[in-house]
$ cat model-v8.pdb   # PDB, C-alpha atoms
MODEL        1
ATOM      1  CA  GLN A1458       1.992 -99.812  87.661
ATOM      2  CA  VAL A1459       2.252-103.041  89.600
ATOM      3  CA  GLN A1460      -0.508-104.393  91.741
ATOM      4  CA  LEU A1461      -0.077-107.107  94.335
ATOM      5  CA  VAL A1462      -3.132-108.486  96.083
ATOM      6  CA  GLU A1463      -2.789-110.850  99.025
ATOM      7  CA  SER A1464      -5.499-113.221 100.191
ATOM      8  CA  GLY A1465      -5.922-116.226 102.425
ATOM      9  CA  GLY A1466      -5.387-114.733 105.831
ATOM     10  CA  GLY A1467      -7.651-115.461 108.774
ATOM     11  CA  LEU A1468      -7.987-116.823 112.270
ATOM     12  CA  VAL A1469      -6.516-120.229 113.042
ATOM     13  CA  GLN A1470      -5.680-122.172 116.175
ATOM     14  CA  ALA A1471      -2.116-122.866 117.165
ATOM     15  CA  GLY A1472      -0.800-125.854 115.261
ATOM     16  CA  GLY A1473      -3.040-125.156 112.304
ATOM     17  CA  SER A1474      -2.240-124.190 108.732
ATOM     18  CA  LEU A1475      -3.009-121.451 106.261
ATOM     19  CA  ARG A1476      -2.056-120.745 102.677
ATOM     20  CA  LEU A1477      -1.595-117.168 101.580
ATOM     21  CA  SER A1478      -1.714-116.111  97.946
ATOM     22  CA  CYS A1479      -0.369-113.028  96.252
ATOM     23  CA  ALA A1480      -1.678-112.256  92.778
ATOM     24  CA  ALA A1481       0.420-109.903  90.662
ATOM     25  CA  SER A1482      -0.441-107.800  87.655
ATOM     26  CA  GLY A1483       1.034-104.980  85.625
ATOM     27  CA  ARG A1484       4.662-106.054  85.373
ATOM     28  CA  THR A1485       6.774-108.953  84.182
ATOM     29  CA  PHE A1486       6.063-110.995  87.293
ATOM     30  CA  SER A1487       8.083-113.968  86.154
ATOM     31  CA  ALA A1488      11.278-111.874  86.053
ATOM     32  CA  ALA A1489      11.137-110.707  89.671
ATOM     33  CA  ALA A1490      12.022-112.413  92.907
ATOM     34  CA  MET A1491       9.133-112.229  95.349
ATOM     35  CA  GLY A1492       9.181-111.916  99.105
ATOM     36  CA  TRP A1493       6.870-112.169 102.078
ATOM     37  CA  PHE A1494       7.221-109.907 105.080
ATOM     38  CA  ARG A1495       5.141-109.601 108.222
ATOM     39  CA  GLN A1496       4.382-106.974 110.789
ATOM     40  CA  ALA A1497       3.185-107.876 114.249
ATOM     41  CA  PRO A1498       1.297-105.325 116.368
ATOM     42  CA  GLY A1499       3.645-102.683 117.698
ATOM     43  CA  LYS A1500       6.641-104.081 115.842
ATOM     44  CA  GLU A1501       8.550-103.358 112.668
ATOM     45  CA  ARG A1502       7.916-105.200 109.446
ATOM     46  CA  VAL A1503      10.340-108.085 109.066
ATOM     47  CA  PHE A1504      11.431-110.487 106.365
ATOM     48  CA  VAL A1505       9.818-113.929 106.317
ATOM     49  CA  THR A1506      10.822-115.619 103.081
ATOM     50  CA  ALA A1507      11.617-115.040  99.422
ATOM     51  CA  ILE A1508      11.766-116.986  96.188
ATOM     52  CA  SER A1509      13.929-116.386  93.144
ATOM     53  CA  TRP A1510      12.484-115.198  89.870
ATOM     54  CA  ASP A1511      12.384-118.705  88.456
ATOM     55  CA  GLY A1512      11.313-120.463  91.630
ATOM     56  CA  GLY A1513      14.542-122.405  91.809
ATOM     57  CA  SER A1514      15.809-120.944  95.076
ATOM     58  CA  THR A1515      14.179-119.986  98.335
ATOM     59  CA  TYR A1516      15.311-118.400 101.561
ATOM     60  CA  TYR A1517      13.651-118.343 104.982
ATOM     61  CA  ALA A1518      13.965-116.472 108.206
ATOM     62  CA  ASP A1519      15.060-118.769 111.016
ATOM     63  CA  SER A1520      11.772-118.208 112.823
ATOM     64  CA  VAL A1521       9.764-119.920 110.081
ATOM     65  CA  LYS A1522      12.246-122.378 108.625
ATOM     66  CA  GLY A1523      10.774-125.870 108.441
ATOM     67  CA  ARG A1524       7.216-124.614 108.956
ATOM     68  CA  PHE A1525       6.604-122.227 106.057
ATOM     69  CA  THR A1526       6.991-122.910 102.339
ATOM     70  CA  ILE A1527       7.073-120.316  99.594
ATOM     71  CA  SER A1528       6.264-121.215  96.014
ATOM     72  CA  ARG A1529       5.223-119.504  92.819
ATOM     73  CA  ASP A1530       3.299-120.199  89.656
ATOM     74  CA  ASN A1531       4.522-117.864  86.955
ATOM     75  CA  ALA A1532       1.790-118.967  84.574
ATOM     76  CA  LYS A1533      -0.737-117.625  87.082
ATOM     77  CA  ASN A1534       1.341-114.640  88.217
ATOM     78  CA  THR A1535       0.900-115.827  91.776
ATOM     79  CA  VAL A1536       3.162-116.498  94.723
ATOM     80  CA  TYR A1537       2.074-118.605  97.665
ATOM     81  CA  LEU A1538       3.012-118.972 101.301
ATOM     82  CA  ARG A1539       2.064-122.227 102.954
ATOM     83  CA  MET A1540       2.199-121.902 106.733
ATOM     84  CA  ASN A1541       2.110-125.017 108.896
ATOM     85  CA  SER A1542       2.434-125.550 112.635
ATOM     86  CA  LEU A1543       1.363-121.991 113.249
ATOM     87  CA  LYS A1544       2.203-120.369 116.568
ATOM     88  CA  PRO A1545       0.658-117.364 118.321
ATOM     89  CA  GLU A1546       3.867-115.452 117.602
ATOM     90  CA  ASP A1547       3.135-115.806 113.872
ATOM     91  CA  THR A1548       0.221-113.404 114.331
ATOM     92  CA  ALA A1549       0.843-110.455 112.045
ATOM     93  CA  VAL A1550      -0.166-108.700 108.869
ATOM     94  CA  TYR A1551       1.555-110.503 106.011
ATOM     95  CA  TYR A1552       2.716-108.584 102.957
ATOM     96  CA  CYS A1553       4.019-109.792  99.635
ATOM     97  CA  ALA A1554       6.495-107.704  97.695
ATOM     98  CA  ALA A1555       8.221-107.671  94.324
ATOM     99  CA  ASP A1556      12.004-107.318  94.198
ATOM    100  CA  ARG A1557      13.153-104.195  92.378
ATOM    101  CA  THR A1558      15.895-106.151  90.571
ATOM    102  CA  TYR A1559      14.981-108.439  87.712
ATOM    103  CA  PHE A1560      16.265-111.998  87.650
ATOM    104  CA  SER A1561      17.431-111.851  91.236
ATOM    105  CA  GLY A1562      17.815-114.619  93.754
ATOM    106  CA  PRO A1563      15.889-114.987  97.002
ATOM    107  CA  TYR A1564      18.423-113.378  99.339
ATOM    108  CA  ASP A1565      17.119-109.824  99.508
ATOM    109  CA  VAL A1566      15.864-109.412 103.071
ATOM    110  CA  ARG A1567      15.554-105.634 103.368
ATOM    111  CA  GLU A1568      12.361-103.740 102.694
ATOM    112  CA  SER A1569      14.325-101.381 100.473
ATOM    113  CA  ASP A1570      15.137-104.278  98.128
ATOM    114  CA  TYR A1571      11.480-104.411  97.121
ATOM    115  CA  ASP A1572       9.657-101.736  95.226
ATOM    116  CA  TYR A1573       6.063-102.936  95.078
ATOM    117  CA  TRP A1574       3.954-104.095  97.991
ATOM    118  CA  GLY A1575       0.546-105.555  98.543
ATOM    119  CA  GLN A1576      -1.945-104.199 101.043
ATOM    120  CA  GLY A1577      -1.397-107.042 103.478
ATOM    121  CA  THR A1578      -3.538-109.811 104.894
ATOM    122  CA  GLN A1579      -4.121-110.453 108.577
ATOM    123  CA  VAL A1580      -3.116-113.763 110.104
ATOM    124  CA  THR A1581      -4.180-114.394 113.690
ATOM    125  CA  VAL A1582      -3.126-117.509 115.552
ATOM    126  CA  SER A1583      -4.947-118.242 118.784
ATOM    127  CA  SER A1584      -3.417-120.239 121.598
TER
ENDMDL
END

$ encode --input "model-v8.pdb" --output "structure tokens"
Amino acid sequence: QVQLVESGGGLVQAGGSLRLSCAASGRTFSAAAMGWFRQAPGKERVFVTAISWDGGSTYYADSVKGRFTISRDNAKNTVYLRMNSLKPEDTAVYYCAADRTYFSGPYDVRESDYDYWGQGTQVTVSS
């Protein structure tokens, strides 16, 4: 079994910053690409960003490019999402996920590319 536990969400004013963490256990974390998705109220869950298994490559949705940064620490089995210049439209539940393919790059953007998911953490950005 794989467990992913997100933390770091909360309420922040527009223009502010947050850092989300996703702690992994139960699988060879360092061999899997990791992704972040988000789901806004009343909308489908969408891809935000992903990082390759070794941290060498990243990929971002256009909506967050230049504002969000994904990183990982394989020694700590943790992936991070630094979010700067937050906007009200960033309000959503944020989920981390582990790619089902080992040693993959960061270009898997479909939910079906990921086989383990965290429970999500709420991010609310006030205007």

$ residues_around --input "model-v8.pdb" --residues "Ser1561 of chain A" --least-positions-apart "3" --cutoff "12 Å" --atoms "only C-alpha atoms" --output "tab-separated table (two decimals) with C-alpha atoms, keeping the file's coordinate frame"
chain	number	residue	atom	x	y	z
A	1487	SER	CA	8.08	-113.97	86.15
A	1488	ALA	CA	11.28	-111.87	86.05
A	1489	ALA	CA	11.14	-110.71	89.67
A	1490	ALA	CA	12.02	-112.41	92.91
A	1491	MET	CA	9.13	-112.23	95.35
A	1492	GLY	CA	9.18	-111.92	99.10
A	1507	ALA	CA	11.62	-115.04	99.42
A	1508	ILE	CA	11.77	-116.99	96.19
A	1509	SER	CA	13.93	-116.39	93.14
A	1510	TRP	CA	12.48	-115.20	89.87
A	1511	ASP	CA	12.38	-118.70	88.46
A	1512	GLY	CA	11.31	-120.46	91.63
A	1513	GLY	CA	14.54	-122.40	91.81
A	1514	SER	CA	15.81	-120.94	95.08
A	1515	THR	CA	14.18	-119.99	98.34
A	1555	ALA	CA	8.22	-107.67	94.32
A	1556	ASP	CA	12.00	-107.32	94.20
A	1557	ARG	CA	13.15	-104.20	92.38
A	1558	THR	CA	15.90	-106.15	90.57
A	1564	TYR	CA	18.42	-113.38	99.34
A	1565	ASP	CA	17.12	-109.82	99.51
A	1570	ASP	CA	15.14	-104.28	98.13
A	1571	TYR	CA	11.48	-104.41	97.12

$ residues_near_point --input "model-v8.pdb" --point "(-0.6, -107.8, 91.5)" --cutoff "7 Å" --atoms "all atoms listed in the file" --output "tab-separated table (two decimals) with C-alpha atoms, in the coordinates of the input"
chain	number	residue	atom	x	y	z
A	1459	VAL	CA	2.25	-103.04	89.60
A	1460	GLN	CA	-0.51	-104.39	91.74
A	1461	LEU	CA	-0.08	-107.11	94.34
A	1462	VAL	CA	-3.13	-108.49	96.08
A	1480	ALA	CA	-1.68	-112.26	92.78
A	1481	ALA	CA	0.42	-109.90	90.66
A	1482	SER	CA	-0.44	-107.80	87.66
A	1483	GLY	CA	1.03	-104.98	85.62

$ resolve_selection --input "model-v8.pdb" --expression "the PyMOL selection byres ((chain A and resi 1551) around 6)" --output "list in words"
Phe1494, Arg1495, Val1550, Tyr1552, Gly1577 and Thr1578 of chain A

$ resolve_selection --input "model-v8.pdb" --expression "the PyMOL selection byres ((chain A and resi 1464) around 7)" --output "count of residues only"
8

$ closest_residue --input "model-v8.pdb" --among "A:Ala1554, A:Val1521, A:Met1540, A:Ala1549" --to "Ala1497 of chain A" --atoms "all atoms listed in the file"
A:Ala1549

$ atom_distance --input "model-v8.pdb" --atom1 "atom CA of Phe1486 of chain A" --atom2 "atom CA of Gln1579 of chain A"
23.6 Å

$ residues_around --input "model-v8.pdb" --residues "Ala1471 of chain A" --least-positions-apart "2" --cutoff "6 Å" --atoms "only C-alpha atoms" --output "ChimeraX atom specification"
/A:1473,1543-1544,1582-1584

$ closest_residue --input "model-v8.pdb" --among "A:Cys1553, A:Leu1468, A:Leu1475, A:Ile1527" --to "Arg1502 of chain A" --atoms "all atoms listed in the file"
A:Cys1553

$ atom_distance --input "model-v8.pdb" --atom1 "atom CA of Asn1531 of chain A" --atom2 "atom CA of Val1505 of chain A"
20.5 Å

$ residues_around --input "model-v8.pdb" --residues "Thr1506 of chain A" --least-positions-apart "2" --cutoff "7 Å" --atoms "only C-alpha atoms" --output "JSON, numbers by chain"
{"A": [1492, 1493, 1504, 1516, 1517, 1518, 1527]}

$ residues_near_point --input "model-v8.pdb" --point "(16.1, -108.3, 109.6)" --cutoff "8 Å" --atoms "all atoms listed in the file" --output "PyMOL selection string"
chain A and resi 1503-1504+1566-1567

$ closest_residue --input "model-v8.pdb" --among "A:Thr1485, A:Ser1569, A:Gly1523, A:Pro1563" --to "Thr1535 of chain A" --atoms "all atoms listed in the file"
A:Thr1485

$ closest_residue --input "model-v8.pdb" --among "A:Phe1560, A:Tyr1537, A:Glu1568, A:Ser1474" --to "Glu1501 of chain A" --atoms "only C-alpha atoms"
A:Glu1568

$ build_atoms --input "model-v8.pdb" --residues "segment 1492-1518 of chain A" --atoms "N, CA, C and O atoms" --output "short mmCIF file (atom, residue, chain, number, x, y, z; two decimals), in the coordinates of the input"
data_model
loop_
_atom_site.label_atom_id
_atom_site.label_comp_id
_atom_site.auth_asym_id
_atom_site.auth_seq_id
_atom_site.Cartn_x
_atom_site.Cartn_y
_atom_site.Cartn_z
N GLY A 1492 8.97 -111.70 97.68
CA GLY A 1492 9.18 -111.92 99.10
C GLY A 1492 7.91 -111.78 99.90
O GLY A 1492 6.93 -111.17 99.45
N TRP A 1493 7.93 -112.36 101.07
CA TRP A 1493 6.87 -112.17 102.08
C TRP A 1493 7.51 -111.55 103.32
O TRP A 1493 8.57 -112.00 103.76
N PHE A 1494 6.84 -110.55 103.83
CA PHE A 1494 7.22 -109.91 105.08
C PHE A 1494 6.02 -109.95 106.01
O PHE A 1494 4.90 -110.20 105.58
N ARG A 1495 6.26 -109.68 107.29
CA ARG A 1495 5.14 -109.60 108.22
C ARG A 1495 5.41 -108.53 109.25
O ARG A 1495 6.55 -108.20 109.57
N GLN A 1496 4.30 -108.01 109.77
CA GLN A 1496 4.38 -106.97 110.79
C GLN A 1496 3.42 -107.30 111.91
O GLN A 1496 2.20 -107.30 111.72
N ALA A 1497 3.98 -107.60 113.06
CA ALA A 1497 3.18 -107.88 114.25
C ALA A 1497 2.79 -106.56 114.91
O ALA A 1497 3.45 -105.53 114.70
N PRO A 1498 1.74 -106.56 115.71
CA PRO A 1498 1.30 -105.32 116.37
C PRO A 1498 2.40 -104.68 117.19
O PRO A 1498 3.06 -105.35 117.99
N GLY A 1499 2.65 -103.42 116.94
CA GLY A 1499 3.64 -102.68 117.70
C GLY A 1499 5.08 -102.96 117.32
O GLY A 1499 6.01 -102.49 117.98
N LYS A 1500 5.28 -103.72 116.25
CA LYS A 1500 6.64 -104.08 115.84
C LYS A 1500 6.90 -103.67 114.40
O LYS A 1500 5.99 -103.34 113.66
N GLU A 1501 8.17 -103.70 114.02
CA GLU A 1501 8.55 -103.36 112.67
C GLU A 1501 8.23 -104.52 111.72
O GLU A 1501 8.12 -105.67 112.13
N ARG A 1502 8.12 -104.17 110.46
CA ARG A 1502 7.92 -105.20 109.45
C ARG A 1502 9.23 -105.94 109.23
O ARG A 1502 10.29 -105.31 109.12
N VAL A 1503 9.14 -107.26 109.18
CA VAL A 1503 10.34 -108.08 109.07
C VAL A 1503 10.21 -109.09 107.93
O VAL A 1503 9.11 -109.49 107.54
N PHE A 1504 11.35 -109.51 107.44
CA PHE A 1504 11.43 -110.49 106.36
C PHE A 1504 10.99 -111.86 106.86
O PHE A 1504 11.32 -112.28 107.97
N VAL A 1505 10.24 -112.57 106.00
CA VAL A 1505 9.82 -113.93 106.32
C VAL A 1505 10.48 -114.93 105.37
O VAL A 1505 11.13 -115.88 105.79
N THR A 1506 10.29 -114.69 104.07
CA THR A 1506 10.82 -115.62 103.08
C THR A 1506 10.82 -114.97 101.70
O THR A 1506 10.12 -113.98 101.49
N ALA A 1507 11.60 -115.54 100.79
CA ALA A 1507 11.62 -115.04 99.42
C ALA A 1507 11.91 -116.19 98.48
O ALA A 1507 12.46 -117.23 98.89
N ILE A 1508 11.55 -115.98 97.22
CA ILE A 1508 11.77 -116.99 96.19
C ILE A 1508 12.34 -116.30 94.96
O ILE A 1508 11.95 -115.17 94.63
N SER A 1509 13.28 -116.96 94.31
CA SER A 1509 13.93 -116.39 93.14
C SER A 1509 12.94 -116.25 91.98
O SER A 1509 11.85 -116.82 92.00
N TRP A 1510 13.36 -115.51 90.98
CA TRP A 1510 12.48 -115.20 89.87
C TRP A 1510 11.98 -116.44 89.17
O TRP A 1510 10.84 -116.47 88.68
N ASP A 1511 12.78 -117.49 89.16
CA ASP A 1511 12.38 -118.70 88.46
C ASP A 1511 11.87 -119.80 89.39
O ASP A 1511 11.56 -120.91 88.94
N GLY A 1512 11.81 -119.48 90.67
CA GLY A 1512 11.31 -120.46 91.63
C GLY A 1512 12.34 -121.50 92.04
O GLY A 1512 12.03 -122.38 92.85
N GLY A 1513 13.55 -121.38 91.55
CA GLY A 1513 14.54 -122.40 91.81
C GLY A 1513 15.23 -122.31 93.15
O GLY A 1513 15.84 -123.27 93.62
N SER A 1514 15.14 -121.14 93.79
CA SER A 1514 15.81 -120.94 95.08
C SER A 1514 14.86 -120.25 96.03
O SER A 1514 14.08 -119.38 95.63
N THR A 1515 14.98 -120.61 97.29
CA THR A 1515 14.18 -119.99 98.34
C THR A 1515 15.06 -119.68 99.54
O THR A 1515 16.16 -120.25 99.68
N TYR A 1516 14.57 -118.79 100.36
CA TYR A 1516 15.31 -118.40 101.56
C TYR A 1516 14.30 -118.08 102.65
O TYR A 1516 13.26 -117.46 102.37
N TYR A 1517 14.59 -118.50 103.88
CA TYR A 1517 13.65 -118.34 104.98
C TYR A 1517 14.31 -117.71 106.19
O TYR A 1517 15.47 -117.98 106.50
N ALA A 1518 13.54 -116.94 106.89
CA ALA A 1518 13.96 -116.47 108.21
C ALA A 1518 14.01 -117.67 109.15
O ALA A 1518 13.22 -118.62 109.01
#
